[in-house]
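> One file: work_25.pdb (PDB, C-alpha atoms).
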```pdb
ATOM      1  CA  MET A 234    -221.415  41.138 -35.976  1.00  0.00           C
ATOM      2  CA  LYS A 235    -220.534  41.918 -39.567  1.00  0.00           C
ATOM      3  CA  THR A 236    -217.925  44.540 -40.326  1.00  0.00           C
ATOM      4  CA  LEU A 237    -218.789  46.886 -43.178  1.00  0.00           C
ATOM      5  CA  GLN A 238    -217.006  46.011 -46.415  1.00  0.00           C
ATOM      6  CA  VAL A 239    -216.076  47.894 -49.576  1.00  0.00           C
ATOM      7  CA  GLY A 240    -219.274  48.756 -51.435  1.00  0.00           C
ATOM      8  CA  ASP A 241    -221.486  48.811 -48.335  1.00  0.00           C
ATOM      9  CA  THR A 242    -223.519  51.930 -47.636  1.00  0.00           C
ATOM     10  CA  VAL A 243    -223.024  53.180 -44.086  1.00  0.00           C
ATOM     11  CA  PRO A 244    -226.326  53.595 -42.236  1.00  0.00           C
ATOM     12  CA  ASN A 245    -226.914  57.164 -41.064  1.00  0.00           C
ATOM     13  CA  PHE A 246    -226.046  57.769 -37.411  1.00  0.00           C
ATOM     14  CA  THR A 247    -226.157  60.643 -34.946  1.00  0.00           C
ATOM     15  CA  VAL A 248    -223.788  60.699 -31.962  1.00  0.00           C
ATOM     16  CA  ASN A 249    -222.434  63.539 -29.845  1.00  0.00           C
ATOM     17  CA  ASN A 250    -218.918  64.802 -30.344  1.00  0.00           C
ATOM     18  CA  GLN A 251    -216.558  65.824 -27.550  1.00  0.00           C
ATOM     19  CA  ASP A 252    -218.480  69.091 -27.041  1.00  0.00           C
ATOM     20  CA  GLY A 253    -221.901  67.458 -26.794  1.00  0.00           C
ATOM     21  CA  GLU A 254    -222.871  68.530 -30.319  1.00  0.00           C
ATOM     22  CA  ALA A 255    -224.819  66.006 -32.388  1.00  0.00           C
ATOM     23  CA  ILE A 256    -222.859  64.804 -35.424  1.00  0.00           C
ATOM     24  CA  SER A 257    -224.593  62.798 -38.155  1.00  0.00           C
ATOM     25  CA  LEU A 258    -223.209  60.941 -41.133  1.00  0.00           C
ATOM     26  CA  SER A 259    -225.581  63.024 -43.266  1.00  0.00           C
ATOM     27  CA  ASP A 260    -223.608  66.154 -42.226  1.00  0.00           C
ATOM     28  CA  TYR A 261    -220.830  64.857 -44.485  1.00  0.00           C
ATOM     29  CA  LYS A 262    -222.934  64.180 -47.583  1.00  0.00           C
ATOM     30  CA  GLY A 263    -221.006  65.312 -50.655  1.00  0.00           C
ATOM     31  CA  LYS A 264    -217.653  64.977 -48.857  1.00  0.00           C
ATOM     32  CA  LYS A 265    -215.184  62.134 -48.647  1.00  0.00           C
ATOM     33  CA  LEU A 266    -214.881  60.973 -45.059  1.00  0.00           C
ATOM     34  CA  ILE A 267    -212.303  59.062 -43.053  1.00  0.00           C
ATOM     35  CA  VAL A 268    -213.827  57.379 -39.997  1.00  0.00           C
ATOM     36  CA  PHE A 269    -211.148  55.996 -37.712  1.00  0.00           C
ATOM     37  CA  PHE A 270    -212.023  53.812 -34.738  1.00  0.00           C
ATOM     38  CA  TYR A 271    -209.654  53.610 -31.802  1.00  0.00           C
ATOM     39  CA  PRO A 272    -209.957  51.560 -28.598  1.00  0.00           C
ATOM     40  CA  LYS A 273    -209.425  54.259 -25.948  1.00  0.00           C
ATOM     41  CA  ALA A 274    -208.656  57.961 -25.810  1.00  0.00           C
ATOM     42  CA  SER A 275    -205.252  58.990 -24.446  1.00  0.00           C
ATOM     43  CA  THR A 276    -203.720  55.493 -24.575  1.00  0.00           C
ATOM     44  CA  PRO A 277    -200.319  55.238 -26.318  1.00  0.00           C
ATOM     45  CA  GLY A 278    -201.319  53.626 -29.627  1.00  0.00           C
ATOM     46  CA  CYS A 279    -204.428  55.758 -30.029  1.00  0.00           C
ATOM     47  CA  THR A 280    -202.495  58.926 -29.245  1.00  0.00           C
ATOM     48  CA  VAL A 281    -199.772  58.116 -31.797  1.00  0.00           C
ATOM     49  CA  GLU A 282    -202.404  57.317 -34.448  1.00  0.00           C
ATOM     50  CA  ALA A 283    -204.516  60.436 -33.859  1.00  0.00           C
ATOM     51  CA  CYS A 284    -201.422  62.684 -33.709  1.00  0.00           C
ATOM     52  CA  ASN A 285    -200.201  61.242 -37.023  1.00  0.00           C
ATOM     53  CA  LEU A 286    -203.564  62.110 -38.580  1.00  0.00           C
ATOM     54  CA  ARG A 287    -203.425  65.579 -36.992  1.00  0.00           C
ATOM     55  CA  ASP A 288    -199.943  66.207 -38.382  1.00  0.00           C
ATOM     56  CA  ASN A 289    -201.121  65.218 -41.865  1.00  0.00           C
ATOM     57  CA  TYR A 290    -204.569  66.796 -41.619  1.00  0.00           C
ATOM     58  CA  LYS A 291    -203.889  69.456 -44.252  1.00  0.00           C
ATOM     59  CA  VAL A 292    -202.684  66.867 -46.762  1.00  0.00           C
ATOM     60  CA  LEU A 293    -205.759  64.723 -46.116  1.00  0.00           C
ATOM     61  CA  GLN A 294    -207.992  67.779 -46.560  1.00  0.00           C
ATOM     62  CA  GLU A 295    -206.207  68.640 -49.806  1.00  0.00           C
ATOM     63  CA  GLN A 296    -207.218  65.154 -50.996  1.00  0.00           C
ATOM     64  CA  GLY A 297    -210.814  66.106 -50.168  1.00  0.00           C
ATOM     65  CA  TYR A 298    -211.172  64.193 -46.901  1.00  0.00           C
ATOM     66  CA  GLU A 299    -212.897  65.115 -43.667  1.00  0.00           C
ATOM     67  CA  LEU A 300    -212.010  63.144 -40.520  1.00  0.00           C
ATOM     68  CA  LEU A 301    -214.018  61.654 -37.673  1.00  0.00           C
ATOM     69  CA  GLY A 302    -212.458  59.809 -34.756  1.00  0.00           C
ATOM     70  CA  VAL A 303    -214.678  57.363 -32.855  1.00  0.00           C
ATOM     71  CA  SER A 304    -214.343  55.476 -29.586  1.00  0.00           C
ATOM     72  CA  ALA A 305    -216.673  54.487 -26.747  1.00  0.00           C
ATOM     73  CA  ASP A 306    -215.160  57.109 -24.436  1.00  0.00           C
ATOM     74  CA  SER A 307    -217.239  59.741 -22.654  1.00  0.00           C
ATOM     75  CA  GLU A 308    -217.511  63.310 -23.964  1.00  0.00           C
ATOM     76  CA  LYS A 309    -215.247  64.423 -21.118  1.00  0.00           C
ATOM     77  CA  ARG A 310    -212.503  61.930 -22.045  1.00  0.00           C
ATOM     78  CA  GLN A 311    -212.773  62.898 -25.719  1.00  0.00           C
ATOM     79  CA  THR A 312    -212.590  66.607 -24.808  1.00  0.00           C
ATOM     80  CA  ASN A 313    -209.475  66.054 -22.698  1.00  0.00           C
ATOM     81  CA  PHE A 314    -207.887  63.968 -25.483  1.00  0.00           C
ATOM     82  CA  ARG A 315    -208.708  66.560 -28.139  1.00  0.00           C
ATOM     83  CA  ASN A 316    -207.586  69.553 -26.081  1.00  0.00           C
ATOM     84  CA  LYS A 317    -204.340  67.954 -24.933  1.00  0.00           C
ATOM     85  CA  TYR A 318    -203.240  67.132 -28.488  1.00  0.00           C
ATOM     86  CA  GLU A 319    -205.118  69.916 -30.334  1.00  0.00           C
ATOM     87  CA  PHE A 320    -206.889  67.701 -32.837  1.00  0.00           C
ATOM     88  CA  PRO A 321    -208.524  69.729 -35.622  1.00  0.00           C
ATOM     89  CA  PHE A 322    -211.209  67.061 -36.205  1.00  0.00           C
ATOM     90  CA  PRO A 323    -214.152  65.948 -34.038  1.00  0.00           C
ATOM     91  CA  LEU A 324    -214.039  62.885 -31.807  1.00  0.00           C
ATOM     92  CA  LEU A 325    -217.316  61.053 -31.304  1.00  0.00           C
ATOM     93  CA  ALA A 326    -218.199  59.930 -27.782  1.00  0.00           C
ATOM     94  CA  ASP A 327    -219.956  56.735 -28.848  1.00  0.00           C
ATOM     95  CA  GLU A 328    -220.746  55.395 -25.379  1.00  0.00           C
ATOM     96  CA  GLU A 329    -223.882  53.614 -26.647  1.00  0.00           C
ATOM     97  CA  LYS A 330    -221.818  52.060 -29.506  1.00  0.00           C
ATOM     98  CA  VAL A 331    -224.208  53.354 -32.180  1.00  0.00           C
ATOM     99  CA  VAL A 332    -221.488  54.041 -34.759  1.00  0.00           C
ATOM    100  CA  ILE A 333    -219.254  51.241 -33.495  1.00  0.00           C
ATOM    101  CA  ASN A 334    -222.054  48.708 -34.101  1.00  0.00           C
ATOM    102  CA  ALA A 335    -223.098  50.296 -37.416  1.00  0.00           C
ATOM    103  CA  PHE A 336    -219.565  49.707 -38.744  1.00  0.00           C
ATOM    104  CA  GLY A 337    -219.202  46.360 -36.958  1.00  0.00           C
ATOM    105  CA  VAL A 338    -215.921  47.107 -35.184  1.00  0.00           C
ATOM    106  CA  TRP A 339    -216.873  45.800 -31.714  1.00  0.00           C
ATOM    107  CA  GLY A 340    -215.835  42.259 -30.989  1.00  0.00           C
ATOM    108  CA  GLU A 341    -213.560  39.762 -29.351  1.00  0.00           C
ATOM    109  CA  LYS A 342    -209.967  40.808 -28.810  1.00  0.00           C
ATOM    110  CA  LYS A 343    -206.984  39.086 -27.276  1.00  0.00           C
ATOM    111  CA  PHE A 344    -204.329  40.842 -25.260  1.00  0.00           C
ATOM    112  CA  MET A 345    -201.617  39.171 -23.188  1.00  0.00           C
ATOM    113  CA  GLY A 346    -203.515  35.877 -23.133  1.00  0.00           C
ATOM    114  CA  LYS A 347    -206.819  37.425 -22.060  1.00  0.00           C
ATOM    115  CA  THR A 348    -209.894  37.492 -24.267  1.00  0.00           C
ATOM    116  CA  TYR A 349    -212.311  40.406 -23.950  1.00  0.00           C
ATOM    117  CA  ASP A 350    -214.696  42.486 -26.032  1.00  0.00           C
ATOM    118  CA  GLY A 351    -213.551  45.811 -27.359  1.00  0.00           C
ATOM    119  CA  ILE A 352    -213.156  48.127 -30.320  1.00  0.00           C
ATOM    120  CA  HIS A 353    -211.061  46.908 -33.204  1.00  0.00           C
ATOM    121  CA  ARG A 354    -208.713  49.594 -34.519  1.00  0.00           C
ATOM    122  CA  LYS A 355    -209.962  50.034 -38.073  1.00  0.00           C
ATOM    123  CA  THR A 356    -210.311  52.901 -40.498  1.00  0.00           C
ATOM    124  CA  PHE A 357    -212.981  53.301 -43.166  1.00  0.00           C
ATOM    125  CA  LEU A 358    -212.741  55.587 -46.192  1.00  0.00           C
ATOM    126  CA  LEU A 359    -216.165  56.681 -47.407  1.00  0.00           C
ATOM    127  CA  ASP A 360    -217.087  58.336 -50.684  1.00  0.00           C
ATOM    128  CA  GLU A 361    -219.334  61.410 -51.052  1.00  0.00           C
ATOM    129  CA  ASN A 362    -222.461  59.235 -50.715  1.00  0.00           C
ATOM    130  CA  GLY A 363    -221.446  57.357 -47.560  1.00  0.00           C
ATOM    131  CA  VAL A 364    -220.359  54.199 -49.372  1.00  0.00           C
ATOM    132  CA  VAL A 365    -217.269  52.359 -48.083  1.00  0.00           C
ATOM    133  CA  GLU A 366    -214.416  52.703 -50.597  1.00  0.00           C
ATOM    134  CA  ARG A 367    -211.686  51.153 -48.497  1.00  0.00           C
ATOM    135  CA  VAL A 368    -211.206  49.428 -45.151  1.00  0.00           C
ATOM    136  CA  ILE A 369    -207.847  49.517 -43.389  1.00  0.00           C
ATOM    137  CA  ASP A 370    -207.716  46.559 -41.002  1.00  0.00           C
ATOM    138  CA  LYS A 371    -204.068  46.665 -40.039  1.00  0.00           C
ATOM    139  CA  VAL A 372    -203.617  50.249 -38.953  1.00  0.00           C
ATOM    140  CA  LYS A 373    -200.022  51.438 -38.655  1.00  0.00           C
ATOM    141  CA  THR A 374    -200.444  53.908 -35.811  1.00  0.00           C
ATOM    142  CA  LYS A 375    -197.200  55.811 -36.472  1.00  0.00           C
ATOM    143  CA  ASP A 376    -197.781  56.069 -40.202  1.00  0.00           C
ATOM    144  CA  HIS A 377    -201.527  56.004 -40.626  1.00  0.00           C
ATOM    145  CA  ALA A 378    -201.934  59.032 -42.908  1.00  0.00           C
ATOM    146  CA  ALA A 379    -199.453  57.522 -45.382  1.00  0.00           C
ATOM    147  CA  GLN A 380    -201.509  54.295 -45.344  1.00  0.00           C
ATOM    148  CA  ILE A 381    -204.654  56.273 -46.158  1.00  0.00           C
ATOM    149  CA  LEU A 382    -202.968  58.242 -48.937  1.00  0.00           C
ATOM    150  CA  ASP A 383    -201.339  55.135 -50.383  1.00  0.00           C
TER
END
```
Let me see the file written as structure tokens.


Amino acid sequence: MKTLQVGDTVPNFTVNNQDGEAISLSDYKGKKLIVFFYPKASTPGCTVEACNLRDNYKVLQEQGYELLGVSADSEKRQTNFRNKYEFPFPLLADEEKVVINAFGVWGEKKFMGKTYDGIHRKTFLLDENGVVERVIDKVKTKDHAAQILD
């Protein structure tokens, strides 16, 4: 599977957020969008990353960005994750991997000597027309907003 690169146009998608509301890429037309993919809601690295983005949300918005978090978790897990940490941005419950496959972030991973398929932690910065402007492959979970604003 090919990961989207700078200059690629993201195909439109529609997936439910944590509240069961349908969210489409087209909803963000005319806005800059940060789409961050994380392996699993409420796990340590994902929590640190999402909390860092939450704590810097106003700064990101001042730069004109909207945020979307995406993982293959259920709506219920995303709701619990969002409510526990009070995230001001939607989390997509991409159980069918619609968005995950569109961006090409599902693939082979290695952890403690085991190989398995999962979501690669990546962040994509999109322009107002849904074109990829930047891909962050090596996400620094504790300092992710600074990476984006760099």

> Please list as a ChimeraX atom specification every residue within 12 Å of His377 of chain A, counting all atoms listed in the file and excluding residues in the same chain fewer than 5 positions away.

/A:267,269,278-290,293,354-356,369-372,382-383

> What does the PyMOL selection byres ((chain A and resi 309) around 10) select in this file, as a tab-separated table (two decimals) with C-alpha atoms, keeping the file's coordinate frame?


```
chain	number	residue	atom	x	y	z
A	250	ASN	CA	-218.92	64.80	-30.34
A	251	GLN	CA	-216.56	65.82	-27.55
A	252	ASP	CA	-218.48	69.09	-27.04
A	253	GLY	CA	-221.90	67.46	-26.79
A	306	ASP	CA	-215.16	57.11	-24.44
A	307	SER	CA	-217.24	59.74	-22.65
A	308	GLU	CA	-217.51	63.31	-23.96
A	310	ARG	CA	-212.50	61.93	-22.04
A	311	GLN	CA	-212.77	62.90	-25.72
A	312	THR	CA	-212.59	66.61	-24.81
A	313	ASN	CA	-209.48	66.05	-22.70
A	314	PHE	CA	-207.89	63.97	-25.48
A	315	ARG	CA	-208.71	66.56	-28.14
A	326	ALA	CA	-218.20	59.93	-27.78
```

> Using all atoms listed in the file, which of the listed residues (A:Ile381, A:Ile352, A:Leu359, A:Leu266) sits closest to Asp327 of chain A?

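Distance minimum relative to Asp327 of chain A lands on A:Ile352.
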
> Smallest atom-to-atom distance to Arg367 of chain A: which of A:Ser259, A:Gln380, A:Pro277, A:Val338, using all atoms listed in the file?

A:Gln380

> Please enumerate the residues selected by the PyMOL selection byres ((chain A and resi 304) around 8) when evaluated against the supplied file, formatted as a list in words.

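Residues picked by the PyMOL selection byres ((chain A and resi 304) around 8): Phe270, Tyr271, Pro272, Lys273, Ala274, Gly302, Val303, Ala305, Asp306, Leu324, Leu325, Ala326, Asp327, Glu328, Ile333 and Ile352 of chain A.
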
> Using Å and a single decimal, report how far atom CA of Leu301 of chain A sits from atom CA of Pro323 of chain A.

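Spanning atom CA of Pro323 of chain A to atom CA of Leu301 of chain A is a straight-line distance of 5.6 Å.
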
> If I take atom CA of Glu329 of chain A and atom CA of Asp241 of chain A, how far is one from the other in Å, to one decimal?

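According to the coordinates, atom CA of Glu329 of chain A and atom CA of Asp241 of chain A are separated by 22.3 Å.
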
> Of the candidates A:Phe246, A:Val332, A:Val292, A:Lys264, which one gets nearest to Ala379 of chain A if we count only C-alpha atoms?

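That would be A:Val292, the residue with the smallest distance to Ala379 of chain A.
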
> Just to confirm, what's the straight-line distance from atom CA of Glu299 of chain A to atom CA of Lys265 of chain A in Å (one decimal)?

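If I compute the distance from atom CA of Glu299 of chain A to atom CA of Lys265 of chain A, I get 6.2 Å.
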
> For the file shown, what are the residues hit by the PyMOL selection byres ((chain A and resi 339) around 8), laid out as an MDAnalysis selection string?

chainID A and resid 234 333:334 337:338 340:341 350:353

> Out of A:Asp260, A:Glu319, A:Glu295, A:Glu254, which residue has the shortest atom-to-atom distance to Gly363 of chain A when counting only C-alpha atoms?

A:Asp260

> Kindly indicate which residue among A:Lys373, A:Ala378, A:Gln294, A:Asn362 lies nearest to Pro321 of chain A, using only C-alpha atoms for the distances.

A:Gln294

> Pick the closest to Gln296 of chain A from A:Lys375, A:Ser257, A:Phe320, A:Asp360: which is it, counting all atoms listed in the file?

A:Asp360

> Quick one: residues within 6 Å of segment 237-240 of chain A, all atoms listed in the file counted, chain neighbours fewer than 6 positions away excluded, as a PDB file with C-alpha atoms, keeping the file's coordinate frame?


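Result written to out16.pdb:
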```
ATOM      1  CA  PHE A 336    -219.565  49.707 -38.744  1.00  0.00           C
ATOM      2  CA  VAL A 364    -220.359  54.199 -49.372  1.00  0.00           C
ATOM      3  CA  VAL A 365    -217.269  52.359 -48.083  1.00  0.00           C
ATOM      4  CA  GLU A 366    -214.416  52.703 -50.597  1.00  0.00           C
ATOM      5  CA  ARG A 367    -211.686  51.153 -48.497  1.00  0.00           C
TER       6      ARG A 367
END
```
